[in-house]
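Undergrad: I'm passing along structure06.cif; it holds mmCIF, C-alpha atoms (C1' of nucleotides).
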```cif
data_target
#
loop_
_atom_site.label_atom_id
_atom_site.label_comp_id
_atom_site.auth_asym_id
_atom_site.auth_seq_id
_atom_site.Cartn_x
_atom_site.Cartn_y
_atom_site.Cartn_z
CA MET O 298 -0.87 5.78 21.76
CA ASP O 299 2.44 6.12 23.55
CA ILE O 300 3.84 2.65 24.18
CA LEU O 301 4.42 3.49 27.85
CA PHE O 302 0.73 4.13 28.40
CA LYS O 303 0.06 0.46 27.68
CA THR O 304 2.02 -0.76 30.72
CA PHE O 305 0.08 1.55 32.95
CA ILE O 306 -3.35 0.71 31.53
CA ASP O 307 -2.68 -3.04 31.50
CA HIS O 308 -1.50 -2.87 35.07
CA PHE O 309 -4.92 -1.77 36.29
CA SER O 310 -7.27 -3.55 33.89
CA ALA O 311 -6.59 -7.16 34.82
CA ASN O 312 -10.20 -7.77 35.85
CA GLN O 313 -11.98 -6.26 32.86
CA LYS O 314 -11.40 -5.76 29.16
CA LEU O 315 -11.37 -2.10 28.16
CA SER O 316 -12.85 -1.05 24.82
CA GLU O 317 -10.67 0.85 22.34
CA LYS O 318 -12.86 3.85 22.92
CA THR O 319 -12.30 3.78 26.68
CA ILE O 320 -8.58 3.33 26.27
CA ALA O 321 -8.44 6.31 23.95
CA GLU O 322 -10.49 8.33 26.39
CA ILE O 323 -8.13 7.53 29.26
CA CYS O 324 -5.05 8.25 27.14
CA ASN O 325 -6.36 11.74 26.45
CA HIS O 326 -5.53 12.56 30.02
CA LEU O 327 -2.11 10.92 30.28
CA SER O 328 1.32 12.40 29.57
CA VAL O 329 4.85 11.08 29.72
CA LEU O 330 7.28 13.07 31.87
CA ASN O 331 11.06 12.83 32.11
CA LEU O 332 12.26 14.59 35.22
CA ASP O 333 15.50 14.95 37.12
CA LYS O 334 16.47 13.81 40.57
CA LYS O 335 15.28 16.19 43.31
CA HIS O 336 12.42 17.49 41.18
CA VAL O 337 9.41 18.15 43.41
CA LEU O 338 6.18 16.66 42.04
CA ILE O 339 3.81 17.74 44.79
CA LYS O 340 4.40 20.27 47.57
CA GLU O 341 3.10 19.92 51.11
CA ASN O 342 -0.12 21.91 51.69
CA GLN O 343 -0.83 22.43 48.01
CA ARG O 344 -3.68 21.08 45.94
CA HIS O 345 -2.62 19.19 42.88
CA ASP O 346 -4.59 17.73 39.94
CA PHE O 347 -2.31 14.84 39.01
CA ALA O 348 -1.37 11.36 40.09
CA TYR O 349 1.66 9.57 38.66
CA PHE O 350 2.77 6.10 37.65
CA VAL O 351 6.48 5.27 37.84
CA VAL O 352 7.74 3.81 34.56
CA LYS O 353 11.39 4.09 35.57
CA GLY O 354 13.01 5.69 38.59
CA ALA O 355 12.49 6.23 42.30
CA VAL O 356 10.30 8.64 44.24
CA ARG O 357 9.87 9.44 47.91
CA SER O 358 7.25 11.15 49.98
CA TYR O 359 7.91 13.02 53.19
CA TYR O 360 6.52 15.67 55.48
CA LEU O 361 8.18 17.98 57.97
CA LYS O 362 7.84 17.25 61.69
CA ASP O 363 9.45 19.91 63.85
CA GLY O 364 11.63 20.84 60.90
CA VAL O 365 12.81 17.26 60.33
CA GLU O 366 11.86 15.26 57.22
CA VAL O 367 9.83 12.13 57.95
CA ASN O 368 9.76 9.77 54.97
CA THR O 369 6.41 8.06 54.50
CA TRP O 370 6.89 5.84 51.44
CA PHE O 371 9.00 5.11 48.40
CA ALA O 372 7.81 4.27 44.89
CA LEU O 373 9.82 2.35 42.29
CA GLU O 374 8.92 0.92 38.87
CA ASN O 375 5.19 0.15 38.39
CA ASP O 376 4.15 1.90 41.58
CA MET O 377 1.59 4.66 41.78
CA VAL O 378 2.44 8.05 43.27
CA GLY O 379 -0.26 10.17 44.81
CA SER O 380 -2.76 10.10 47.65
CA LEU O 381 -6.46 9.92 48.25
CA HIS O 382 -6.31 13.37 49.78
CA ASN O 383 -5.07 14.50 46.44
CA PHE O 384 -7.79 12.56 44.60
CA LYS O 385 -10.43 14.13 46.82
CA ASP O 386 -9.06 17.59 46.10
CA HIS O 387 -7.71 18.19 49.59
CA PRO O 388 -4.30 19.84 50.01
CA SER O 389 -1.43 17.36 50.17
CA ARG O 390 0.07 16.64 53.56
CA GLU O 391 3.29 15.42 52.00
CA THR O 392 5.98 16.61 49.66
CA ILE O 393 6.73 14.17 46.84
CA GLU O 394 10.20 14.33 45.35
CA LEU O 395 12.26 12.30 42.88
CA ILE O 396 15.22 10.34 44.26
CA GLU O 397 16.50 9.39 40.79
CA ASN O 398 16.07 10.81 37.31
CA SER O 399 12.75 9.24 36.40
CA THR O 400 10.20 8.58 33.69
CA LEU O 401 6.63 9.01 34.90
CA ILE O 402 3.15 8.96 33.45
CA SER O 403 0.93 11.69 34.79
CA ILE O 404 -2.82 11.24 35.08
CA ASN O 405 -5.04 14.30 35.10
CA LEU O 406 -7.42 13.38 37.92
CA LYS O 407 -9.55 16.45 37.62
CA ARG O 408 -10.47 15.43 34.09
CA VAL O 409 -10.67 11.66 34.53
CA LYS O 410 -12.71 11.59 37.74
CA PRO O 411 -15.97 12.94 36.27
CA LEU O 412 -15.87 10.19 33.62
CA MET O 413 -16.45 7.61 36.36
CA PHE O 414 -20.12 8.54 36.44
CA SER O 415 -20.70 8.09 32.72
CA ASN O 416 -18.28 5.31 31.70
CA ILE O 417 -18.51 2.11 33.74
CA GLN O 418 -15.16 0.81 32.48
CA ILE O 419 -13.44 3.94 33.70
CA ALA O 420 -15.26 3.62 37.04
CA ASN O 421 -13.85 0.13 37.46
CA PHE O 422 -10.43 1.14 36.17
CA ILE O 423 -10.15 3.84 38.80
CA ASN O 424 -11.58 1.45 41.33
CA ALA O 425 -8.78 -1.00 40.61
CA ILE O 426 -6.22 1.74 41.25
CA ILE O 427 -7.82 2.77 44.52
CA GLU O 428 -8.27 -0.82 45.70
CA ASP O 429 -4.64 -1.47 44.98
CA TYR O 430 -3.68 1.62 46.91
CA ALA O 431 -5.87 0.70 49.89
CA LEU O 432 -4.31 -2.78 49.99
CA PHE O 433 -0.91 -1.12 49.99
CA LEU O 434 -1.99 1.06 52.92
CA GLU O 435 -3.35 -1.93 54.84
CA ASP O 436 -0.06 -3.75 54.41
CA LYS O 437 1.84 -0.69 55.48
CA ILE O 438 -0.17 -0.34 58.68
CA TYR O 439 0.09 -4.03 59.48
CA PHE O 440 3.81 -3.88 58.82
CA SER O 441 4.34 -0.85 61.02
CA GLN O 442 2.25 -2.15 63.93
CA MET O 443 3.15 -5.80 63.77
CA MET O 444 6.89 -5.65 63.82
CA SER O 445 9.65 -4.52 66.09
CA SER O 446 12.05 -2.19 64.28
CA ILE O 447 14.59 -4.94 63.75
CA ASN O 448 11.98 -7.20 62.19
CA LYS O 449 10.74 -4.39 60.00
CA TYR O 450 14.29 -3.93 58.80
CA LEU O 451 14.74 -7.66 58.10
CA ILE O 452 11.40 -7.97 56.31
CA LEU O 453 12.09 -4.91 54.21
CA LEU O 454 15.53 -6.25 53.36
CA ASP O 455 13.92 -9.52 52.33
CA LYS O 456 10.95 -8.14 50.38
CA GLU O 457 12.39 -4.99 48.85
CA PRO O 458 16.16 -5.44 48.61
CA GLN O 459 16.30 -2.93 45.74
CA LEU O 460 15.35 -0.18 48.20
CA PHE O 461 18.67 -0.59 49.97
CA GLN O 462 20.59 -0.25 46.72
CA ARG O 463 18.74 2.82 45.63
CA ILE O 464 17.54 4.73 48.67
CA PRO O 465 19.76 6.37 51.34
CA LEU O 466 19.63 4.68 54.76
CA THR O 467 18.73 7.99 56.35
CA TYR O 468 15.44 7.96 54.44
CA ILE O 469 14.81 4.29 55.23
CA ALA O 470 15.45 4.87 58.94
CA SER O 471 12.88 7.64 59.11
CA PHE O 472 10.46 5.45 57.12
CA LEU O 473 10.92 2.69 59.71
CA GLY O 474 10.29 5.22 62.46
CA ILE O 475 13.72 5.03 64.06
CA SER O 476 16.75 7.31 64.06
CA ARG O 477 19.52 6.68 61.54
CA GLU O 478 21.89 5.86 64.42
CA THR O 479 19.58 3.10 65.63
CA LEU O 480 19.26 1.65 62.13
CA SER O 481 23.01 1.73 61.78
CA ARG O 482 23.36 -0.25 65.02
CA LEU O 483 20.75 -2.79 63.97
CA ARG O 484 22.67 -3.35 60.76
CA ALA O 485 25.89 -3.92 62.69
CA LYS O 486 24.43 -7.27 63.84
CA MET H 279 -36.92 -1.64 52.61
CA ASP H 280 -35.73 -1.81 56.16
CA ILE H 281 -35.46 1.71 57.50
CA LEU H 282 -31.92 1.07 58.71
CA PHE H 283 -30.73 0.33 55.18
CA LYS H 284 -31.47 3.92 54.24
CA THR H 285 -28.87 5.36 56.62
CA PHE H 286 -26.24 3.10 55.18
CA ILE H 287 -27.09 3.74 51.54
CA ASP H 288 -27.40 7.51 52.00
CA HIS H 289 -24.08 7.56 53.78
CA PHE H 290 -22.25 6.39 50.65
CA SER H 291 -24.28 7.96 47.86
CA ALA H 292 -23.66 11.63 48.52
CA ASN H 293 -22.07 12.15 45.10
CA GLN H 294 -24.66 10.42 42.92
CA LYS H 295 -28.39 9.79 42.89
CA LEU H 296 -29.21 6.07 42.94
CA SER H 297 -32.23 4.81 40.99
CA GLU H 298 -34.97 2.89 42.83
CA LYS H 299 -33.88 -0.17 40.91
CA THR H 300 -30.26 0.10 42.06
CA ILE H 301 -31.30 0.69 45.66
CA ALA H 302 -33.50 -2.42 45.54
CA GLU H 303 -30.64 -4.39 44.01
CA ILE H 304 -28.26 -3.35 46.77
CA CYS H 305 -30.84 -4.07 49.48
CA ASN H 306 -31.15 -7.64 48.23
CA HIS H 307 -27.72 -8.25 49.68
CA LEU H 308 -28.11 -6.47 52.99
CA SER H 309 -29.34 -7.85 56.33
CA VAL H 310 -29.81 -6.41 59.79
CA LEU H 311 -28.04 -8.22 62.63
CA ASN H 312 -28.45 -7.83 66.37
CA LEU H 313 -25.50 -9.40 68.15
CA ASP H 314 -24.16 -9.53 71.68
CA LYS H 315 -20.97 -8.18 73.17
CA LYS H 316 -17.97 -10.46 72.57
CA HIS H 317 -19.52 -11.98 69.46
CA VAL H 318 -16.78 -12.62 66.88
CA LEU H 319 -17.67 -11.32 63.42
CA ILE H 320 -14.49 -12.36 61.58
CA LYS H 321 -11.75 -14.70 62.74
CA GLU H 322 -8.06 -14.24 62.04
CA ASN H 323 -6.85 -16.29 59.06
CA GLN H 324 -10.34 -17.03 57.76
CA ARG H 325 -11.96 -15.89 54.55
CA HIS H 326 -15.25 -14.10 54.97
CA ASP H 327 -17.87 -12.88 52.50
CA PHE H 328 -19.29 -9.97 54.44
CA ALA H 329 -18.54 -6.40 55.39
CA TYR H 330 -20.55 -4.57 58.06
CA PHE H 331 -21.90 -1.13 58.82
CA VAL H 332 -22.38 -0.16 62.46
CA VAL H 333 -25.88 1.18 63.11
CA LYS H 334 -25.49 1.07 66.89
CA GLY H 335 -22.72 -0.33 69.06
CA ALA H 336 -18.95 -0.69 69.19
CA VAL H 337 -16.55 -3.05 67.46
CA ARG H 338 -12.84 -3.67 67.71
CA SER H 339 -10.28 -5.37 65.53
CA TYR H 340 -7.13 -7.04 66.80
CA TYR H 341 -4.51 -9.62 65.94
CA LEU H 342 -2.23 -11.71 68.10
CA LYS H 343 1.43 -10.78 68.35
CA ASP H 344 3.43 -13.25 70.42
CA GLY H 345 0.19 -14.26 72.11
CA VAL H 346 -0.74 -10.69 73.02
CA GLU H 347 -3.72 -8.89 71.47
CA VAL H 348 -2.81 -5.82 69.44
CA ASN H 349 -5.84 -3.63 68.75
CA THR H 350 -5.84 -2.08 65.28
CA TRP H 351 -9.03 -0.01 65.17
CA PHE H 352 -12.42 0.64 66.71
CA ALA H 353 -15.69 1.25 64.93
CA LEU H 354 -18.66 3.10 66.37
CA GLU H 355 -21.95 4.31 64.86
CA ASN H 356 -21.84 4.93 61.07
CA ASP H 357 -18.43 3.32 60.66
CA MET H 358 -17.67 0.48 58.28
CA VAL H 359 -16.21 -2.79 59.53
CA GLY H 360 -14.13 -4.94 57.22
CA SER H 361 -10.95 -4.80 55.22
CA LEU H 362 -9.72 -4.72 51.66
CA HIS H 363 -8.09 -8.08 52.22
CA ASN H 364 -11.55 -9.34 52.94
CA PHE H 365 -13.00 -7.61 49.87
CA LYS H 366 -10.29 -9.16 47.70
CA ASP H 367 -11.07 -12.60 49.11
CA HIS H 368 -7.83 -12.97 51.05
CA PRO H 369 -7.89 -14.46 54.55
CA SER H 370 -8.34 -11.88 57.29
CA ARG H 371 -5.30 -10.93 59.30
CA GLU H 372 -7.42 -9.68 62.14
CA THR H 373 -10.14 -10.87 64.46
CA ILE H 374 -13.15 -8.57 64.63
CA GLU H 375 -15.19 -8.66 67.80
CA LEU H 376 -18.06 -6.71 69.34
CA ILE H 377 -17.29 -4.57 72.38
CA GLU H 378 -20.97 -3.77 73.03
CA ASN H 379 -24.26 -5.38 72.08
CA SER H 380 -24.67 -3.97 68.59
CA THR H 381 -26.93 -3.54 65.59
CA LEU H 382 -25.12 -4.03 62.31
CA ILE H 383 -25.96 -4.16 58.64
CA SER H 384 -24.15 -6.93 56.79
CA ILE H 385 -23.24 -6.59 53.12
CA ASN H 386 -22.71 -9.72 51.09
CA LEU H 387 -19.58 -8.74 49.18
CA LYS H 388 -19.38 -11.90 47.16
CA ARG H 389 -22.74 -11.09 45.61
CA VAL H 390 -22.45 -7.32 45.33
CA LYS H 391 -18.95 -7.17 43.85
CA PRO H 392 -19.79 -8.69 40.44
CA LEU H 393 -22.54 -6.09 39.99
CA MET H 394 -19.86 -3.41 39.74
CA PHE H 395 -19.15 -4.46 36.18
CA SER H 396 -22.73 -4.22 34.98
CA ASN H 397 -24.25 -1.41 37.06
CA ILE H 398 -22.36 1.87 37.02
CA GLN H 399 -24.21 3.22 40.04
CA ILE H 400 -23.15 0.24 42.08
CA ALA H 401 -19.58 0.64 40.82
CA ASN H 402 -19.56 4.20 42.11
CA PHE H 403 -21.35 3.27 45.32
CA ILE H 404 -18.67 0.71 46.16
CA ASN H 405 -16.06 3.17 45.05
CA ALA H 406 -17.34 5.67 47.58
CA ILE H 407 -17.02 3.08 50.34
CA ILE H 408 -13.49 2.15 49.35
CA GLU H 409 -12.40 5.77 48.93
CA ASP H 410 -13.75 6.52 52.34
CA TYR H 411 -11.88 3.57 53.76
CA ALA H 412 -8.62 4.54 52.06
CA LEU H 413 -8.93 8.08 53.43
CA PHE H 414 -9.42 6.56 56.87
CA LEU H 415 -6.26 4.49 56.40
CA GLU H 416 -4.27 7.52 55.23
CA ASP H 417 -5.34 9.45 58.30
CA LYS H 418 -4.48 6.51 60.51
CA ILE H 419 -0.97 6.26 59.08
CA TYR H 420 -0.39 9.97 59.29
CA PHE H 421 -1.65 9.97 62.85
CA SER H 422 0.56 7.09 63.89
CA GLN H 423 3.73 8.44 62.26
CA MET H 424 3.24 12.11 62.95
CA MET H 425 2.65 12.11 66.63
CA SER H 426 4.44 11.29 69.84
CA SER H 427 2.35 8.97 72.02
CA ILE H 428 1.25 11.79 74.28
CA ASN H 429 0.06 13.82 71.31
CA LYS H 430 -1.74 10.81 69.88
CA TYR H 431 -3.52 10.45 73.18
CA LEU H 432 -4.46 14.13 73.32
CA ILE H 433 -5.66 14.20 69.71
CA LEU H 434 -7.70 11.05 70.20
CA LEU H 435 -9.20 12.48 73.37
CA ASP H 436 -10.09 15.63 71.46
CA LYS H 437 -11.43 14.01 68.30
CA GLU H 438 -13.02 10.83 69.61
CA PRO H 439 -13.90 11.44 73.25
CA GLN H 440 -16.63 8.76 73.06
CA LEU H 441 -13.92 6.12 72.67
CA PHE H 442 -12.75 6.78 76.20
CA GLN H 443 -16.27 6.34 77.58
CA ARG H 444 -16.90 3.11 75.73
CA ILE H 445 -13.61 1.31 75.14
CA PRO H 446 -11.27 -0.05 77.85
CA LEU H 447 -7.98 1.81 78.20
CA THR H 448 -6.09 -1.44 77.73
CA TYR H 449 -7.40 -1.62 74.18
CA ILE H 450 -6.71 2.04 73.53
CA ALA H 451 -3.14 1.71 74.79
CA SER H 452 -2.39 -1.14 72.44
CA PHE H 453 -4.05 0.83 69.62
CA LEU H 454 -1.72 3.75 70.38
CA GLY H 455 1.23 1.37 70.37
CA ILE H 456 2.18 1.84 74.01
CA SER H 457 1.83 -0.30 77.12
CA ARG H 458 -1.16 0.26 79.36
CA GLU H 459 1.17 1.40 82.16
CA THR H 460 2.59 4.12 79.93
CA LEU H 461 -0.89 5.28 78.95
CA SER H 462 -1.88 5.32 82.59
CA ARG H 463 1.13 7.53 83.36
CA LEU H 464 0.40 9.89 80.49
CA ARG H 465 -3.12 10.28 81.80
CA ALA H 466 -1.84 11.11 85.28
CA LYS H 467 -0.68 14.48 83.88
"C1'" DA P 123 -24.93 -7.67 98.67
"C1'" DT P 124 -20.64 -10.41 98.30
"C1'" DG P 125 -17.12 -12.56 96.31
"C1'" DA P 126 -14.74 -13.03 91.93
"C1'" DT P 127 -13.01 -11.08 87.92
"C1'" DT P 128 -11.49 -7.42 85.20
"C1'" DT P 129 -9.57 -2.93 84.69
"C1'" DT P 130 -6.65 0.75 86.08
"C1'" DG P 131 -2.91 2.86 88.67
"C1'" DT P 132 1.84 3.12 90.87
"C1'" DG P 133 6.66 1.92 92.15
"C1'" DA P 134 11.30 0.03 91.07
"C1'" DC P 135 14.25 -1.28 87.76
"C1'" DA P 136 16.01 -2.90 83.05
"C1'" DT P 137 16.09 -2.10 78.29
"C1'" DT P 138 15.62 0.39 74.24
"C1'" DT P 139 16.05 4.23 71.68
"C1'" DG P 140 17.12 9.09 70.97
"C1'" DT P 141 20.43 12.88 71.06
"C1'" DC P 142 24.70 15.08 70.56
"C1'" DA P 143 29.36 14.94 69.02
"C1'" DA P 144 32.91 13.38 66.35
"C1'" DA P 145 35.19 10.32 62.97
"C1'" DT P 146 35.20 7.71 58.91
"C1'" DG P 147 33.72 6.62 54.35
"C1'" DA P 148 31.51 7.59 49.89
"C1'" DA P 149 30.00 10.45 46.29
"C1'" DT P 150 29.88 14.76 43.73
"C1'" DT P 151 31.69 19.02 41.86
"C1'" DC P 152 34.88 22.04 39.99
"C1'" DG L 177 42.18 14.41 41.71
"C1'" DA L 178 41.57 17.64 45.41
"C1'" DA L 179 38.07 19.71 47.78
"C1'" DT L 180 33.62 19.77 49.33
"C1'" DT L 181 29.49 17.96 50.48
"C1'" DC L 182 26.68 14.15 51.99
"C1'" DA L 183 25.95 9.53 54.18
"C1'" DT L 184 27.13 6.25 57.58
"C1'" DT L 185 29.13 4.54 61.76
"C1'" DT L 186 30.48 4.67 66.62
"C1'" DG L 187 30.71 6.28 71.50
"C1'" DA L 188 28.84 8.42 75.70
"C1'" DC L 189 25.03 9.77 77.95
"C1'" DA L 190 20.05 11.09 78.80
"C1'" DA L 191 15.26 10.27 78.26
"C1'" DA L 192 11.41 7.46 77.29
"C1'" DT L 193 9.18 3.31 77.57
"C1'" DG L 194 8.64 -1.58 78.77
"C1'" DT L 195 8.43 -5.19 82.29
"C1'" DC L 196 7.29 -7.14 86.56
"C1'" DA L 197 4.97 -6.99 90.84
"C1'" DC L 198 1.37 -5.61 93.40
"C1'" DA L 199 -2.48 -2.48 95.09
"C1'" DA L 200 -6.68 -0.08 94.35
"C1'" DA L 201 -10.85 0.59 91.97
"C1'" DA L 202 -14.53 -0.71 89.15
"C1'" DT L 203 -17.51 -4.14 87.15
"C1'" DC L 204 -19.88 -8.57 86.82
"C1'" DA L 205 -22.29 -12.69 88.20
"C1'" DT L 206 -24.63 -15.37 91.44
#
```
As structure tokens, how would this structure be written, given the file I've shared?

TA:
Amino acid sequence: MDILFKTFIDHFSANQKLSEKTIAEICNHLSVLNLDKKHVLIKENQRHDFAYFVVKGAVRSYYLKDGVEVNTWFALENDMVGSLHNFKDHPSRETIELIENSTLISINLKRVKPLMFSNIQIANFINAIIEDYALFLEDKIYFSQMMSSINKYLILLDKEPQLFQRIPLTYIASFLGISRETLSRLRAK
Amino acid sequence: MDILFKTFIDHFSANQKLSEKTIAEICNHLSVLNLDKKHVLIKENQRHDFAYFVVKGAVRSYYLKDGVEVNTWFALENDMVGSLHNFKDHPSRETIELIENSTLISINLKRVKPLMFSNIQIANFINAIIEDYALFLEDKIYFSQMMSSINKYLILLDKEPQLFQRIPLTYIASFLGISRETLSRLRAK
DNA sequence: ATGATTTTGTGACATTTGTCAAATGAATTC
DNA sequence: GAATTCATTTGACAAATGTCACAAAATCAT
């Protein structure tokens, strides 16, 4: 088994011990990818069979609104990349693109999903991933509703300082839901 | 089995057939509740062992921001009420309160959760609920980022016209992230 | 029904944020 | 390392929204 697979599998099997057989079965549907900055993983409006786990690198997701890119999230090391729409075989609403040269693990959802109904460990493994994702979404909503833009900026700066080293302010501004000029002025204080 | 349980169970077992035994096991942890308007189901900052399914009625969720209520979502017939934070045994960030006299089914999460690791049908049943919830959250985020307030209002009016019959505009305004005066002015057009 | 309470609507004004334009600074490419 | 592209900052102004105050309408309770 590729040594990188272990990080990914461990990350989502904290609440149950997976048998060797299950681990092998999951690994059958994983691959390691090394891709360059600006590579597009998933295109808006297309169906796509894979989800990804970031081993090393940075990824962003955006969609076009009146021709302007709106950034919806960023993923760094140990984050998952993908969406439930994707998992449910709906076309993606977002484009997902690398911000840095990155190492990713891809998961073939189309092949792993059916195993949920025959292997209980896989059911709970996938469950852990989805739970984690839903918690992330809940936090995101709370964050975006709860805070004024300046507080969002301060909280983000406090909780995810790496973002500001690695991700252009233009992207962060659109993620926060404000124009880059406004973000620039908030920072001036 | 209470006849109301069937609606709930059918609603989340579209992708697998549950055995009689599993259905009975799930029903052990369900109850029917009839509660009055303004009853508080879950209080902000408290842990809570239950999730709910709305058979009949209307429910809202809100938190306090500088002493002002911010409404985060509304649930009507066939919607789930609860949060992942709740499921993961974290204190609730929101208060959940009935807007109308309602009939609900309560699910004892504390008791049902452990069954996921021994009963694969239950694992996939819960999975269906969580997937559904995560899809709801994705839509909510997309909706809130994608649209200008007037478009949010129009879309909501188009997709959930019942909300406007049953839920005060004050709540809807705060859900849309605008003041009630602004909503009132948007409606004037 | 009647008075009290809650909900919704409207006006005047202040504040925030967006937009456009231009300048500066940083990073990348040849 | 000079040139080119991209990212960030700043200013001036317009547009959108919030706030406060109050009026009108609807709803509730006795």

Undergrad: Considering all atoms listed in the file, give me a table of residues in chain H that are at most 12 Å from chain L, with the closest atom pair and distance in Å for each, as a Markdown table.

TA:
```
| residue | atom | partner | partner_atom | distance |
| --- | --- | --- | --- | --- |
| H:Ser426 | CA | L:DA192 | C1' | 10.9 |
| H:Ser427 | CA | L:DT193 | C1' | 10.5 |
| H:Ile428 | CA | L:DA192 | C1' | 11.4 |
| H:Pro446 | CA | L:DA202 | C1' | 11.8 |
| H:Gly455 | CA | L:DT193 | C1' | 10.9 |
| H:Ile456 | CA | L:DT193 | C1' | 8.0 |
| H:Ser457 | CA | L:DG194 | C1' | 7.1 |
| H:Arg458 | CA | L:DG194 | C1' | 10.0 |
| H:Glu459 | CA | L:DG194 | C1' | 8.7 |
| H:Thr460 | CA | L:DT193 | C1' | 7.0 |
| H:Leu461 | CA | L:DT193 | C1' | 10.4 |
| H:Arg463 | CA | L:DT193 | C1' | 10.8 |
| H:Leu464 | CA | L:DT193 | C1' | 11.4 |
```

Undergrad: So how many Å separate CA of Ala431 (chain O) and CA of Ile419 (chain H), to one decimal?

TA: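 Distance between the two atoms: 11.8 Å.
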
Undergrad: Which chain O residues have any atom within 8 Å of an atom of chain H, and for each, what is the nearest pair of atoms with distance in Å to one decimal, counting all atoms listed in the file, rows sorted by chain and number, as JSON lines?

TA:
```
{"residue": "O:Lys362", "atom": "CA", "partner": "H:Met424", "partner_atom": "CA", "distance": 7.0}
{"residue": "O:Leu381", "atom": "CA", "partner": "H:Leu413", "partner_atom": "CA", "distance": 6.0}
{"residue": "O:His382", "atom": "CA", "partner": "H:Leu413", "partner_atom": "CA", "distance": 6.9}
{"residue": "O:Met413", "atom": "CA", "partner": "H:Asn402", "partner_atom": "CA", "distance": 7.4}
{"residue": "O:Phe414", "atom": "CA", "partner": "H:Ile398", "partner_atom": "CA", "distance": 7.1}
{"residue": "O:Ser415", "atom": "CA", "partner": "H:Ile398", "partner_atom": "CA", "distance": 7.7}
{"residue": "O:Asn416", "atom": "CA", "partner": "H:Ile398", "partner_atom": "CA", "distance": 7.5}
{"residue": "O:Ile417", "atom": "CA", "partner": "H:Ile398", "partner_atom": "CA", "distance": 5.1}
{"residue": "O:Gln418", "atom": "CA", "partner": "H:Phe395", "partner_atom": "CA", "distance": 7.6}
{"residue": "O:Ala420", "atom": "CA", "partner": "H:Ala401", "partner_atom": "CA", "distance": 6.5}
{"residue": "O:Asn421", "atom": "CA", "partner": "H:Ala401", "partner_atom": "CA", "distance": 6.7}
{"residue": "O:Asn424", "atom": "CA", "partner": "H:Asn405", "partner_atom": "CA", "distance": 6.1}
{"residue": "O:Ile427", "atom": "CA", "partner": "H:Glu409", "partner_atom": "CA", "distance": 7.0}
{"residue": "O:Glu428", "atom": "CA", "partner": "H:Ile408", "partner_atom": "CA", "distance": 7.0}
{"residue": "O:Tyr430", "atom": "CA", "partner": "H:Ala412", "partner_atom": "CA", "distance": 7.7}
{"residue": "O:Ala431", "atom": "CA", "partner": "H:Ala412", "partner_atom": "CA", "distance": 5.2}
{"residue": "O:Leu432", "atom": "CA", "partner": "H:Leu362", "partner_atom": "CA", "distance": 6.0}
{"residue": "O:Leu434", "atom": "CA", "partner": "H:Leu415", "partner_atom": "CA", "distance": 6.5}
{"residue": "O:Glu435", "atom": "CA", "partner": "H:Leu415", "partner_atom": "CA", "distance": 7.2}
{"residue": "O:Ile438", "atom": "CA", "partner": "H:Ile419", "partner_atom": "CA", "distance": 6.7}
{"residue": "O:Gln442", "atom": "CA", "partner": "H:Gly455", "partner_atom": "CA", "distance": 7.4}
{"residue": "O:Met443", "atom": "CA", "partner": "H:Lys343", "partner_atom": "CA", "distance": 7.0}
{"residue": "O:Gly474", "atom": "CA", "partner": "H:Gln423", "partner_atom": "CA", "distance": 7.3}
```

Undergrad: Quick one: pull the distance between CA of Asn429 (chain H) and CA of Tyr450 (chain O), Å, one decimal.

TA: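 Value for the CA of Asn429 (chain H)-CA of Tyr450 (chain O) distance: 26.0 Å.
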
Undergrad: Give me, as a PDB file with C-alpha atoms (C1' of nucleotides), keeping the file's coordinate frame, the residues of chain P touching chain H, with the criterion being at most 10 Å (counting all atoms listed in the file).

TA:
```
ATOM      1  C1'  DT P 129      -9.570  -2.930  84.690  1.00  0.00           C
ATOM      2  C1'  DT P 130      -6.650   0.750  86.080  1.00  0.00           C
ATOM      3  C1'  DG P 131      -2.910   2.860  88.670  1.00  0.00           C
ATOM      4  C1'  DT P 132       1.840   3.120  90.870  1.00  0.00           C
TER       5       DT P 132
END
```
